[in-house]
file run_18.pdb (PDB, C-alpha atoms and all ligand atoms)
ATOM      1  CA  MET J   1      71.963 -86.245  38.258
ATOM      2  CA  THR J   2      71.764 -82.853  36.552
ATOM      3  CA  GLU J   3      72.138 -79.971  38.977
ATOM      4  CA  LYS J   4      68.938 -77.991  39.648
ATOM      5  CA  ARG J   5      70.786 -74.698  39.565
ATOM      6  CA  ILE J   6      71.182 -73.433  35.997
ATOM      7  CA  ASP J   7      74.650 -71.927  35.773
ATOM      8  CA  GLY J   8      74.118 -69.018  33.379
ATOM      9  CA  LYS J   9      77.553 -67.609  34.139
ATOM     10  CA  ALA J  10      79.341 -70.745  32.923
ATOM     11  CA  PHE J  11      76.967 -71.122  29.947
ATOM     12  CA  ALA J  12      77.609 -67.494  28.920
ATOM     13  CA  ALA J  13      81.391 -67.929  29.267
ATOM     14  CA  ARG J  14      81.317 -70.895  26.840
ATOM     15  CA  LEU J  15      79.170 -68.883  24.457
ATOM     16  CA  ARG J  16      81.558 -65.918  24.517
ATOM     17  CA  GLU J  17      84.442 -68.244  23.748
ATOM     18  CA  ARG J  18      82.696 -69.601  20.631
ATOM     19  CA  ILE J  19      81.699 -66.086  19.548
ATOM     20  CA  GLY J  20      85.344 -65.029  19.907
ATOM     21  CA  GLU J  21      86.407 -67.790  17.513
ATOM     22  CA  ARG J  22      83.757 -66.720  15.003
ATOM     23  CA  ALA J  23      84.814 -63.061  15.346
ATOM     24  CA  GLY J  24      88.372 -64.074  14.458
ATOM     25  CA  GLU J  25      87.147 -65.874  11.333
ATOM     26  CA  PHE J  26      85.088 -62.813  10.398
ATOM     27  CA  ALA J  27      88.105 -60.514  10.792
ATOM     28  CA  ALA J  28      90.200 -62.765   8.540
ATOM     29  CA  LYS J  29      87.547 -62.582   5.804
ATOM     30  CA  ALA J  30      86.410 -58.959   6.150
ATOM     31  CA  GLY J  31      89.761 -57.361   7.018
ATOM     32  CA  ARG J  32      88.243 -55.703  10.067
ATOM     33  CA  GLN J  33      86.786 -56.675  13.433
ATOM     34  CA  PRO J  34      83.064 -56.594  14.208
ATOM     35  CA  GLY J  35      82.367 -53.257  15.938
ATOM     36  CA  LEU J  36      79.978 -52.406  18.784
ATOM     37  CA  ALA J  37      79.199 -48.833  19.864
ATOM     38  CA  VAL J  38      77.790 -48.371  23.378
ATOM     39  CA  VAL J  39      76.356 -45.011  24.409
ATOM     40  CA  GLN J  40      75.878 -44.155  28.072
ATOM     41  CA  VAL J  41      74.225 -40.934  29.234
ATOM     42  CA  GLY J  42      74.807 -39.926  32.850
ATOM     43  CA  GLU J  43      76.346 -41.911  35.674
ATOM     44  CA  ASP J  44      73.763 -44.400  36.906
ATOM     45  CA  PRO J  45      75.946 -46.728  39.024
ATOM     46  CA  ALA J  46      74.452 -50.011  37.736
ATOM     47  CA  SER J  47      74.728 -48.791  34.117
ATOM     48  CA  GLN J  48      78.409 -47.920  34.704
ATOM     49  CA  VAL J  49      79.053 -51.539  35.715
ATOM     50  CA  TYR J  50      77.106 -53.009  32.777
ATOM     51  CA  VAL J  51      78.797 -50.710  30.242
ATOM     52  CA  ARG J  52      82.242 -51.534  31.657
ATOM     53  CA  ASN J  53      81.432 -55.262  31.460
ATOM     54  CA  LYS J  54      80.190 -54.904  27.884
ATOM     55  CA  HIS J  55      83.394 -53.118  26.861
ATOM     56  CA  LYS J  56      85.580 -55.833  28.396
ATOM     57  CA  ALA J  57      83.517 -58.693  26.926
ATOM     58  CA  THR J  58      83.588 -57.041  23.466
ATOM     59  CA  VAL J  59      87.377 -56.623  23.464
ATOM     60  CA  ASP J  60      87.923 -60.124  24.915
ATOM     61  CA  ALA J  61      85.830 -61.571  22.063
ATOM     62  CA  GLY J  62      88.082 -59.911  19.475
ATOM     63  CA  MET J  63      85.638 -57.172  18.565
ATOM     64  CA  GLU J  64      86.105 -53.420  18.444
ATOM     65  CA  SER J  65      84.427 -51.455  21.226
ATOM     66  CA  PHE J  66      83.452 -47.809  20.720
ATOM     67  CA  GLU J  67      82.392 -46.188  23.988
ATOM     68  CA  TYR J  68      80.539 -42.881  24.235
ATOM     69  CA  LYS J  69      80.007 -41.473  27.725
ATOM     70  CA  LEU J  70      77.837 -38.376  27.647
ATOM     71  CA  PRO J  71      77.006 -36.044  30.553
ATOM     72  CA  ALA J  72      73.646 -36.460  32.330
ATOM     73  CA  ASP J  73      72.392 -33.120  30.901
ATOM     74  CA  THR J  74      72.934 -34.152  27.251
ATOM     75  CA  SER J  75      70.080 -32.865  25.080
ATOM     76  CA  GLN J  76      67.783 -35.098  23.040
ATOM     77  CA  ASP J  77      69.101 -33.491  19.836
ATOM     78  CA  ALA J  78      72.742 -34.102  20.756
ATOM     79  CA  LEU J  79      71.981 -37.761  21.501
ATOM     80  CA  LEU J  80      70.056 -38.175  18.239
ATOM     81  CA  ASP J  81      72.970 -36.578  16.343
ATOM     82  CA  LEU J  82      75.389 -39.115  17.837
ATOM     83  CA  VAL J  83      73.082 -42.015  16.935
ATOM     84  CA  GLU J  84      72.869 -40.714  13.359
ATOM     85  CA  GLN J  85      76.661 -40.453  13.166
ATOM     86  CA  LEU J  86      76.958 -44.084  14.348
ATOM     87  CA  ASN J  87      74.302 -45.208  11.842
ATOM     88  CA  LEU J  88      76.575 -43.870   9.075
ATOM     89  CA  ASP J  89      79.861 -45.219  10.482
ATOM     90  CA  ASN J  90      80.963 -48.308   8.522
ATOM     91  CA  ALA J  91      83.168 -49.576  11.361
ATOM     92  CA  VAL J  92      80.115 -49.824  13.610
ATOM     93  CA  ASP J  93      77.971 -52.957  13.189
ATOM     94  CA  GLY J  94      75.950 -52.656  16.379
ATOM     95  CA  ILE J  95      74.641 -49.652  18.336
ATOM     96  CA  LEU J  96      73.388 -49.847  21.904
ATOM     97  CA  VAL J  97      72.112 -46.979  24.019
ATOM     98  CA  GLN J  98      72.296 -48.057  27.656
ATOM     99  CA  LEU J  99      68.947 -47.825  29.476
ATOM    100  CA  PRO J 100      67.543 -46.262  31.541
ATOM    101  CA  LEU J 101      68.199 -42.791  30.125
ATOM    102  CA  PRO J 102      67.903 -39.704  32.355
ATOM    103  CA  ASN J 103      64.257 -38.596  32.717
ATOM    104  CA  HIS J 104      64.426 -35.605  30.368
ATOM    105  CA  LEU J 105      65.279 -37.903  27.440
ATOM    106  CA  ASP J 106      62.677 -39.812  25.439
ATOM    107  CA  GLU J 107      63.855 -43.414  25.189
ATOM    108  CA  GLN J 108      61.395 -44.432  22.487
ATOM    109  CA  SER J 109      62.488 -41.773  20.008
ATOM    110  CA  VAL J 110      66.170 -42.534  20.664
ATOM    111  CA  ILE J 111      65.583 -46.242  19.993
ATOM    112  CA  ALA J 112      63.578 -45.333  16.885
ATOM    113  CA  ALA J 113      66.576 -43.358  15.564
ATOM    114  CA  ILE J 114      68.889 -46.414  15.557
ATOM    115  CA  ALA J 115      69.177 -48.084  12.139
ATOM    116  CA  PRO J 116      67.207 -51.351  12.569
ATOM    117  CA  ASP J 117      70.033 -53.384  11.040
ATOM    118  CA  LYS J 118      72.448 -52.053  13.705
ATOM    119  CA  ASP J 119      69.923 -52.395  16.540
ATOM    120  CA  VAL J 120      71.701 -55.254  18.342
ATOM    121  CA  ASP J 121      69.461 -54.702  21.393
ATOM    122  CA  GLY J 122      66.457 -55.658  19.245
ATOM    123  CA  PHE J 123      64.393 -52.827  20.740
ATOM    124  CA  HIS J 124      63.444 -50.995  17.507
ATOM    125  CA  VAL J 125      59.800 -51.435  16.412
ATOM    126  CA  VAL J 126      61.027 -52.882  13.124
ATOM    127  CA  ASN J 127      62.822 -55.663  15.000
ATOM    128  CA  ALA J 128      59.849 -56.196  17.337
ATOM    129  CA  GLY J 129      57.713 -56.538  14.204
ATOM    130  CA  ARG J 130      60.162 -58.946  12.588
ATOM    131  CA  LEU J 131      60.123 -61.099  15.730
ATOM    132  CA  ALA J 132      56.314 -61.108  15.750
ATOM    133  CA  THR J 133      55.995 -61.966  12.055
ATOM    134  CA  GLY J 134      58.876 -64.405  11.569
ATOM    135  CA  GLY J 135      61.290 -62.035   9.803
ATOM    136  CA  GLU J 136      65.075 -61.900  10.122
ATOM    137  CA  GLY J 137      65.970 -59.212  12.643
ATOM    138  CA  PHE J 138      67.495 -58.911  16.099
ATOM    139  CA  VAL J 139      65.962 -60.397  19.229
ATOM    140  CA  PRO J 140      66.392 -58.614  22.610
ATOM    141  CA  CYS J 141      69.373 -60.132  24.407
ATOM    142  CA  THR J 142      67.869 -61.079  27.783
ATOM    143  CA  PRO J 143      64.863 -63.050  26.441
ATOM    144  CA  TYR J 144      67.044 -64.725  23.807
ATOM    145  CA  GLY J 145      69.418 -65.784  26.593
ATOM    146  CA  CYS J 146      66.466 -67.205  28.570
ATOM    147  CA  ILE J 147      65.354 -69.286  25.583
ATOM    148  CA  MET J 148      68.872 -70.660  25.180
ATOM    149  CA  LEU J 149      68.950 -71.749  28.835
ATOM    150  CA  LEU J 150      65.480 -73.289  28.558
ATOM    151  CA  LYS J 151      66.310 -75.238  25.392
ATOM    152  CA  ASP J 152      69.554 -76.422  26.924
ATOM    153  CA  ARG J 153      67.634 -77.863  29.911
ATOM    154  CA  LEU J 154      64.400 -79.026  28.275
ATOM    155  CA  GLY J 155      65.252 -79.600  24.619
ATOM    156  CA  ASP J 156      62.016 -79.166  22.672
ATOM    157  CA  LEU J 157      59.666 -76.586  24.252
ATOM    158  CA  SER J 158      56.778 -77.588  22.002
ATOM    159  CA  GLY J 159      53.469 -77.975  23.868
ATOM    160  CA  LYS J 160      54.876 -76.785  27.201
ATOM    161  CA  ASP J 161      52.695 -74.479  29.298
ATOM    162  CA  ALA J 162      54.693 -71.295  29.857
ATOM    163  CA  VAL J 163      53.847 -68.311  32.040
ATOM    164  CA  VAL J 164      55.714 -65.042  31.589
ATOM    165  CA  ILE J 165      55.177 -62.670  34.513
ATOM    166  CA  GLY J 166      55.757 -59.132  33.243
ATOM    167  CA  ARG J 167      54.871 -57.398  29.983
ATOM    168  CA  SER J 168      57.709 -54.953  29.322
ATOM    169  CA  ASN J 169      58.751 -54.267  25.728
ATOM    170  CA  ILE J 170      62.316 -55.359  26.434
ATOM    171  CA  VAL J 171      61.721 -58.618  28.307
ATOM    172  CA  GLY J 172      58.125 -59.795  28.875
ATOM    173  CA  LYS J 173      56.648 -59.307  25.404
ATOM    174  CA  PRO J 174      59.634 -60.589  23.356
ATOM    175  CA  MET J 175      59.985 -63.505  25.807
ATOM    176  CA  ALA J 176      56.369 -64.494  25.199
ATOM    177  CA  GLN J 177      56.869 -64.173  21.445
ATOM    178  CA  LEU J 178      60.001 -66.366  21.510
ATOM    179  CA  LEU J 179      58.203 -69.043  23.546
ATOM    180  CA  LEU J 180      55.328 -68.939  21.077
ATOM    181  CA  ASN J 181      57.816 -69.348  18.213
ATOM    182  CA  GLU J 182      59.026 -72.503  20.027
ATOM    183  CA  ASN J 183      55.410 -73.784  20.026
ATOM    184  CA  ALA J 184      54.878 -73.364  23.773
ATOM    185  CA  THR J 185      51.405 -72.413  25.037
ATOM    186  CA  VAL J 186      52.016 -68.967  26.485
ATOM    187  CA  THR J 187      50.256 -66.916  29.165
ATOM    188  CA  ILE J 188      51.428 -63.369  29.877
ATOM    189  CA  ALA J 189      50.627 -62.445  33.479
ATOM    190  CA  HIS J 190      50.872 -58.935  34.921
ATOM    191  CA  SER J 191      49.786 -56.716  37.803
ATOM    192  CA  ARG J 192      46.076 -57.093  36.914
ATOM    193  CA  THR J 193      46.155 -60.867  36.487
ATOM    194  CA  LYS J 194      43.633 -62.615  38.751
ATOM    195  CA  ASP J 195      44.794 -65.505  40.969
ATOM    196  CA  LEU J 196      48.424 -65.198  39.886
ATOM    197  CA  PRO J 197      49.644 -68.031  42.165
ATOM    198  CA  ASP J 198      47.176 -70.424  40.498
ATOM    199  CA  VAL J 199      48.156 -69.265  37.020
ATOM    200  CA  VAL J 200      51.825 -69.903  37.851
ATOM    201  CA  ARG J 201      50.994 -73.330  39.380
ATOM    202  CA  ARG J 202      49.791 -74.562  35.975
ATOM    203  CA  ALA J 203      53.066 -73.753  34.227
ATOM    204  CA  ASP J 204      55.827 -76.105  33.087
ATOM    205  CA  ILE J 205      57.974 -73.013  32.451
ATOM    206  CA  VAL J 206      57.887 -69.874  34.623
ATOM    207  CA  VAL J 207      59.687 -66.706  33.517
ATOM    208  CA  ALA J 208      59.612 -63.986  36.172
ATOM    209  CA  ALA J 209      60.354 -60.467  34.912
ATOM    210  CA  VAL J 210      58.431 -58.088  37.149
ATOM    211  CA  GLY J 211      61.148 -56.295  39.102
ATOM    212  CA  ARG J 212      59.707 -57.128  42.543
ATOM    213  CA  ALA J 213      62.034 -58.826  44.975
ATOM    214  CA  GLU J 214      61.113 -62.466  45.691
ATOM    215  CA  MET J 215      57.489 -61.978  44.642
ATOM    216  CA  VAL J 216      57.092 -65.511  43.227
ATOM    217  CA  LYS J 217      56.812 -67.873  46.188
ATOM    218  CA  GLY J 218      57.961 -71.482  46.346
ATOM    219  CA  ASP J 219      54.451 -72.883  46.659
ATOM    220  CA  TRP J 220      53.431 -71.144  43.392
ATOM    221  CA  VAL J 221      55.790 -73.451  41.485
ATOM    222  CA  LYS J 222      54.463 -76.716  40.021
ATOM    223  CA  PRO J 223      56.683 -79.644  41.040
ATOM    224  CA  GLY J 224      59.058 -80.296  38.136
ATOM    225  CA  ALA J 225      58.681 -76.852  36.523
ATOM    226  CA  VAL J 226      61.654 -74.920  35.130
ATOM    227  CA  VAL J 227      61.975 -71.425  36.620
ATOM    228  CA  ILE J 228      63.809 -68.571  34.900
ATOM    229  CA  ASP J 229      64.335 -65.528  37.104
ATOM    230  CA  VAL J 230      65.035 -62.314  35.182
ATOM    231  CA  GLY J 231      64.752 -59.987  38.183
ATOM    232  CA  ILE J 232      67.745 -58.132  39.600
ATOM    233  CA  ASN J 233      66.670 -56.376  42.801
ATOM    234  CA  ARG J 234      69.148 -54.667  45.086
ATOM    235  CA  ILE J 235      68.357 -54.981  48.793
ATOM    236  CA  GLU J 236      70.234 -52.393  50.835
ATOM    237  CA  ARG J 237      71.676 -53.854  54.032
ATOM    238  CA  GLY J 238      72.638 -50.779  55.970
ATOM    239  CA  GLU J 239      75.750 -48.795  56.714
ATOM    240  CA  GLY J 240      79.002 -50.215  55.353
ATOM    241  CA  GLN J 241      77.406 -53.387  53.968
ATOM    242  CA  LYS J 242      77.213 -54.299  50.296
ATOM    243  CA  ALA J 243      73.687 -54.448  48.852
ATOM    244  CA  LYS J 244      72.353 -57.968  48.339
ATOM    245  CA  LEU J 245      71.045 -58.993  44.912
ATOM    246  CA  VAL J 246      67.858 -61.041  44.754
ATOM    247  CA  GLY J 247      65.602 -62.071  41.903
ATOM    248  CA  ASP J 248      61.826 -61.927  41.450
ATOM    249  CA  VAL J 249      61.587 -65.499  42.768
ATOM    250  CA  ASP J 250      62.034 -66.777  46.323
ATOM    251  CA  TYR J 251      64.944 -69.014  45.303
ATOM    252  CA  ALA J 252      65.103 -71.203  48.405
ATOM    253  CA  GLY J 253      61.365 -71.959  48.304
ATOM    254  CA  ALA J 254      61.153 -72.459  44.535
ATOM    255  CA  GLU J 255      64.246 -74.658  44.366
ATOM    256  CA  GLU J 256      62.531 -77.289  46.530
ATOM    257  CA  ARG J 257      59.839 -77.856  43.898
ATOM    258  CA  ALA J 258      61.446 -76.862  40.580
ATOM    259  CA  ALA J 259      63.280 -79.290  38.309
ATOM    260  CA  ALA J 260      65.656 -76.454  37.411
ATOM    261  CA  ILE J 261      66.028 -72.794  38.345
ATOM    262  CA  THR J 262      68.297 -69.854  37.535
ATOM    263  CA  PRO J 263      69.983 -68.097  40.476
ATOM    264  CA  VAL J 264      70.444 -64.346  40.911
ATOM    265  CA  PRO J 265      73.217 -63.392  40.392
ATOM    266  CA  GLY J 266      74.804 -65.867  37.982
ATOM    267  CA  GLY J 267      71.732 -66.951  36.016
ATOM    268  CA  VAL J 268      70.110 -64.893  33.283
ATOM    269  CA  GLY J 269      72.199 -61.702  33.753
ATOM    270  CA  PRO J 270      75.468 -62.950  32.214
ATOM    271  CA  MET J 271      73.555 -64.277  29.179
ATOM    272  CA  THR J 272      72.513 -60.711  28.261
ATOM    273  CA  ILE J 273      76.046 -59.639  27.377
ATOM    274  CA  ALA J 274      76.902 -62.934  25.635
ATOM    275  CA  VAL J 275      73.848 -62.585  23.367
ATOM    276  CA  LEU J 276      74.743 -58.939  22.702
ATOM    277  CA  LEU J 277      78.078 -60.141  21.297
ATOM    278  CA  ARG J 278      76.269 -62.784  19.266
ATOM    279  CA  ASN J 279      73.922 -60.157  17.801
ATOM    280  CA  THR J 280      76.898 -57.918  16.961
ATOM    281  CA  LEU J 281      78.634 -60.829  15.210
ATOM    282  CA  VAL J 282      75.467 -61.518  13.207
ATOM    283  CA  ALA J 283      75.107 -57.809  12.321
ATOM    284  CA  ALA J 284      78.699 -57.690  11.062
ATOM    285  CA  HIS J 285      78.197 -60.741   8.834
ATOM    286  CA  ARG J 286      74.941 -59.381   7.399
ATOM    287  CA  ARG J 287      76.449 -55.977   6.704
ATOM    288  CA  GLU J 288      79.447 -57.505   4.888
ATOM    289  CA  GLY J 289      77.346 -60.127   3.076
ATOM    290  CA  ILE J 290      79.387 -62.950   4.672
ATOM    291  CA  THR J 291      77.573 -66.177   5.523
ATOM    292  CA  LEU J 292      77.499 -67.186   9.180
ATOM    293  CA  ALA J 293      76.686 -70.855   9.672
ATOM    294  CA  GLY J 294      73.783 -71.723  11.968
ATOM    295  CA  ASP J 295      72.569 -68.966  14.237
ATOM    296  CA  GLY J 296      76.054 -67.705  15.014
ATOM    297  CA  LEU J 297      76.485 -69.743  18.163
TER     298      LEU J 297
HETATM  299  N1  LIG I 301      70.323 -50.950  26.144
HETATM  300  C1  LIG I 301      70.121 -51.831  27.132
HETATM  301  N2  LIG I 301      69.927 -51.407  28.371
HETATM  302  C2  LIG I 301      69.706 -52.325  29.365
HETATM  303  C3  LIG I 301      69.705 -53.711  29.089
HETATM  304  C4  LIG I 301      69.892 -54.124  27.752
HETATM  305  O1  LIG I 301      69.873 -55.343  27.413
HETATM  306  N3  LIG I 301      70.106 -53.158  26.804
HETATM  307  N4  LIG I 301      69.581 -54.640  30.120
HETATM  308  C5  LIG I 301      69.725 -54.192  31.492
HETATM  309  C6  LIG I 301      71.142 -54.087  31.989
HETATM  310  N5  LIG I 301      72.097 -55.040  31.443
HETATM  311  C7  LIG I 301      72.665 -54.784  30.258
HETATM  312  O2  LIG I 301      72.626 -53.735  29.732
HETATM  313  C8  LIG I 301      72.609 -56.122  32.244
HETATM  314  C9  LIG I 301      72.016 -56.445  33.443
HETATM  315  C10 LIG I 301      72.571 -57.444  34.250
HETATM  316  C11 LIG I 301      73.698 -58.129  33.853
HETATM  317  C12 LIG I 301      74.353 -59.124  34.742
HETATM  318  O3  LIG I 301      75.277 -59.774  34.348
HETATM  319  N6  LIG I 301      73.906 -59.236  35.981
HETATM  320  C13 LIG I 301      74.576 -60.026  36.988
HETATM  321  C14 LIG I 301      74.593 -59.232  38.284
HETATM  322  C15 LIG I 301      75.452 -58.003  38.133
HETATM  323  C16 LIG I 301      75.278 -57.014  39.264
HETATM  324  O4  LIG I 301      75.990 -57.135  40.242
HETATM  325  O5  LIG I 301      74.449 -56.077  39.113
HETATM  326  C17 LIG I 301      73.843 -61.335  37.232
HETATM  327  O6  LIG I 301      72.615 -61.346  37.105
HETATM  328  O7  LIG I 301      74.538 -62.297  37.521
HETATM  329  C18 LIG I 301      74.263 -57.813  32.642
HETATM  330  C19 LIG I 301      73.723 -56.826  31.840
HETATM  331  C20 LIG I 301      69.093 -52.818  31.650
HETATM  332  N7  LIG I 301      69.528 -51.907  30.635
HETATM  333 MG    MG I 302      62.803 -41.365  30.074
END
call {"tool": "encode", "arguments": {"input": "run_18.pdb", "output": "structure tokens"}}
result
Amino acid sequence: MTEKRIDGKAFAARLRERIGERAGEFAAKAGRQPGLAVVQVGEDPASQVYVRNKHKATVDAGMESFEYKLPADTSQDALLDLVEQLNLDNAVDGILVQLPLPNHLDEQSVIAAIAPDKDVDGFHVVNAGRLATGGEGFVPCTPYGCIMLLKDRLGDLSGKDAVVIGRSNIVGKPMAQLLLNENATVTIAHSRTKDLPDVVRRADIVVAAVGRAEMVKGDWVKPGAVVIDVGINRIERGEGQKAKLVGDVDYAGAEERAAAITPVPGGVGPMTIAVLLRNTLVAAHRREGITLAGDGL
């Protein structure tokens, strides 16, 4: 019997291995490695971990990693100047500005400054528009990773009833768009949705991306549904104890009814970095005019 728990960590590790092989083939053809520039402003502890993990995963996959760590008081102009410099740098295929930025910086205008064809996060409005209209762009890494896990478990998503809880630009909206592109029937639920438990109970696929610890209860889940938990919530446990990570779904309750479910940690999170490498590989091929078979995976 297939295990209920969807092991995103193992799935992502296999993906990174294949991407590494493709990066080697690219380097042999192009005479250079694919390059990813990651910009971090300030010292948010979670961001430090994610940026460190991105650097390691990039190097392990045979790609070049360019890291820029700027002080928390960096000005908007200085950050925009760096982005412009990276837009013009031929060794850089992908640019990522780690979010969140310190409060005095305007995230939207920083994202807008990234060249769309180097926007491996898929956050630029041009890429959001391409996703919505069927163009060739970059899809945000976390939702793309969720779709990969869903297709791996369910195969064809056509005709499935899907509920996405959360409407952020970086997860909820692109997730809904990707599900629609797979011919699912999609509902986007949010803080003003009426009778949320009943809306969720109708779904074959539940994607929770609200950022509220264990908000989705077990008895909201339709028996046999597939549950994808995007939430990463840190629960402090007092003096000297490590914080506990939980998702947006009550895992123990939901697992009893779901056909399959992603854990936190070890579910969706690791897919984010694997897809980032995939997007960087795709960007490098497009920029060099080298064909990459399939979708790069
Ligand atoms: N520019 C971006 N900023 C942010 C993104 C993004 O995709 N682009 N996403 C998140 C942070 N993020 C990557 O940047 C990220 C989050 C979580 C994980 C992950 O592997 N999580 C682990 C748990 C790790 C932990 O202990 O915290 C898991 O779920 O198993 C990877 C990447 C916000 N910012
Ligand atoms: Mg801000």
call {"tool": "residues_around", "arguments": {"input": "run_18.pdb", "residues": "Ala132 (chain J)", "least_positions_apart": "3", "cutoff": "12 Å", "atoms": "only C-alpha atoms", "output": "list of chain:residue names"}}
result
J:Val125, J:Val126, J:Asn127, J:Ala128, J:Gly129, J:Gly135, J:Glu136, J:Gly137, J:Phe138, J:Val139, J:Lys173, J:Pro174, J:Met175, J:Ala176, J:Gln177, J:Leu178, J:Leu179, J:Leu180, J:Asn181
call {"tool": "residues_near_ligand", "arguments": {"input": "run_18.pdb", "ligand": "ligand LIG 301 (chain I)", "cutoff": "6 Å", "atoms": "only C-alpha atoms and all ligand atoms", "output": "compact mmCIF listing (two decimals) with C-alpha atoms, keeping the file's coordinate frame"}}
result
# COMPACT_ATOMS: atom_id res chain seq x y z
CA TYR J 50 77.11 -53.01 32.78
CA LEU J 96 73.39 -49.85 21.90
CA VAL J 97 72.11 -46.98 24.02
CA GLN J 98 72.30 -48.06 27.66
CA LEU J 99 68.95 -47.82 29.48
CA ASP J 121 69.46 -54.70 21.39
CA CYS J 141 69.37 -60.13 24.41
CA VAL J 264 70.44 -64.35 40.91
CA PRO J 265 73.22 -63.39 40.39
CA GLY J 266 74.80 -65.87 37.98
CA GLY J 267 71.73 -66.95 36.02
CA VAL J 268 70.11 -64.89 33.28
CA GLY J 269 72.20 -61.70 33.75
CA PRO J 270 75.47 -62.95 32.21
CA THR J 272 72.51 -60.71 28.26
CA ILE J 273 76.05 -59.64 27.38
call {"tool": "residues_near_ligand", "arguments": {"input": "run_18.pdb", "ligand": "ligand MG 302 (chain I)", "cutoff": "12 Å", "atoms": "all atoms listed in the file", "output": "VMD selection string"}}
result
chain J and resid 41 76 98 to 111
call {"tool": "resolve_selection", "arguments": {"input": "run_18.pdb", "expression": "the PyMOL selection byres (((chain J and resi 206) around 7) and not hetatm)", "output": "compact mmCIF listing (two decimals) with C-alpha atoms, keeping the file's coordinate frame"}}
result
# COMPACT_ATOMS: atom_id res chain seq x y z
CA ALA J 162 54.69 -71.30 29.86
CA VAL J 163 53.85 -68.31 32.04
CA VAL J 164 55.71 -65.04 31.59
CA VAL J 200 51.82 -69.90 37.85
CA ALA J 203 53.07 -73.75 34.23
CA ASP J 204 55.83 -76.10 33.09
CA ILE J 205 57.97 -73.01 32.45
CA VAL J 207 59.69 -66.71 33.52
CA ALA J 208 59.61 -63.99 36.17
CA VAL J 226 61.65 -74.92 35.13
CA VAL J 227 61.98 -71.42 36.62
CA ILE J 228 63.81 -68.57 34.90
call {"tool": "atom_distance", "arguments": {"input": "run_18.pdb", "atom1": "CA of Leu86 (chain J)", "atom2": "CA of Ile114 (chain J)"}}
result
8.5 Å
call {"tool": "closest_residue", "arguments": {"input": "run_18.pdb", "among": "J:Gly8, J:Gly20, J:Gly166, J:Gly211", "to": "Pro34 (chain J)", "atoms": "all atoms listed in the file"}}
result
J:Gly20
call {"tool": "atom_distance", "arguments": {"input": "run_18.pdb", "atom1": "CA of Gly155 (chain J)", "atom2": "CA of Gly224 (chain J)"}}
result
14.9 Å
call {"tool": "resolve_selection", "arguments": {"input": "run_18.pdb", "expression": "the PyMOL selection byres (((chain J and resi 87) around 10) and not hetatm)", "output": "PyMOL selection string"}}
result
chain J and resi 81-86+88-95+113-119
call {"tool": "resolve_selection", "arguments": {"input": "run_18.pdb", "expression": "the PyMOL selection byres (((chain J and resi 148) around 12) and not hetatm)", "output": "NGL selection string"}}
result
:J and (6 or 8 or 11-12 or 15 or 141-147 or 149-157 or 175 or 178-179 or 182 or 228 or 267-268 or 271-272 or 274-275 or 295 or 297)
call {"tool": "atom_distance", "arguments": {"input": "run_18.pdb", "atom1": "CA of Arg16 (chain J)", "atom2": "CA of Val230 (chain J)"}}
result
20.0 Å
call {"tool": "residues_around", "arguments": {"input": "run_18.pdb", "residues": "Arg202 (chain J)", "least_positions_apart": "6", "cutoff": "10 Å", "atoms": "only C-alpha atoms", "output": "count of residues only"}}
result
8
call {"tool": "residues_around", "arguments": {"input": "run_18.pdb", "residues": "Gly294 (chain J)", "least_positions_apart": "3", "cutoff": "12 Å", "atoms": "all atoms listed in the file", "output": "list in words"}}
result
Arg22, Arg278, Val282, Thr291 and Leu297 of chain J
call {"tool": "residues_around", "arguments": {"input": "run_18.pdb", "residues": "Gly42 (chain J)", "least_positions_apart": "2", "cutoff": "8 Å", "atoms": "all atoms listed in the file", "output": "PyMOL selection string"}}
result
chain J and resi 40+44+69-73+101-102
call {"tool": "closest_residue", "arguments": {"input": "run_18.pdb", "among": "J:Gly253, J:Pro140, J:Gly159, J:Gly289", "to": "Gly218 (chain J)", "atoms": "only C-alpha atoms"}}
result
J:Gly253
call {"tool": "residues_near_point", "arguments": {"input": "run_18.pdb", "point": "(85.6, -56.4, 20.5)", "cutoff": "9 Å", "atoms": "all atoms listed in the file", "output": "JSON, numbers by chain"}}
result
{"J": [20, 23, 33, 34, 35, 36, 55, 56, 57, 58, 59, 60, 61, 62, 63, 64, 65, 66, 277]}
call {"tool": "write_last_selection", "arguments": {"input": "run_18.pdb", "atoms": "C-alpha atoms", "output": "PDB file, in the frame of the given file"}}
result
ATOM      1  CA  GLY J  20      85.344 -65.029  19.907  1.00  0.00           C
ATOM      2  CA  ALA J  23      84.814 -63.061  15.346  1.00  0.00           C
ATOM      3  CA  GLN J  33      86.786 -56.675  13.433  1.00  0.00           C
ATOM      4  CA  PRO J  34      83.064 -56.594  14.208  1.00  0.00           C
ATOM      5  CA  GLY J  35      82.367 -53.257  15.938  1.00  0.00           C
ATOM      6  CA  LEU J  36      79.978 -52.406  18.784  1.00  0.00           C
ATOM      7  CA  HIS J  55      83.394 -53.118  26.861  1.00  0.00           C
ATOM      8  CA  LYS J  56      85.580 -55.833  28.396  1.00  0.00           C
ATOM      9  CA  ALA J  57      83.517 -58.693  26.926  1.00  0.00           C
ATOM     10  CA  THR J  58      83.588 -57.041  23.466  1.00  0.00           C
ATOM     11  CA  VAL J  59      87.377 -56.623  23.464  1.00  0.00           C
ATOM     12  CA  ASP J  60      87.923 -60.124  24.915  1.00  0.00           C
ATOM     13  CA  ALA J  61      85.830 -61.571  22.063  1.00  0.00           C
ATOM     14  CA  GLY J  62      88.082 -59.911  19.475  1.00  0.00           C
ATOM     15  CA  MET J  63      85.638 -57.172  18.565  1.00  0.00           C
ATOM     16  CA  GLU J  64      86.105 -53.420  18.444  1.00  0.00           C
ATOM     17  CA  SER J  65      84.427 -51.455  21.226  1.00  0.00           C
ATOM     18  CA  PHE J  66      83.452 -47.809  20.720  1.00  0.00           C
ATOM     19  CA  LEU J 277      78.078 -60.141  21.297  1.00  0.00           C
TER      20      LEU J 277
END
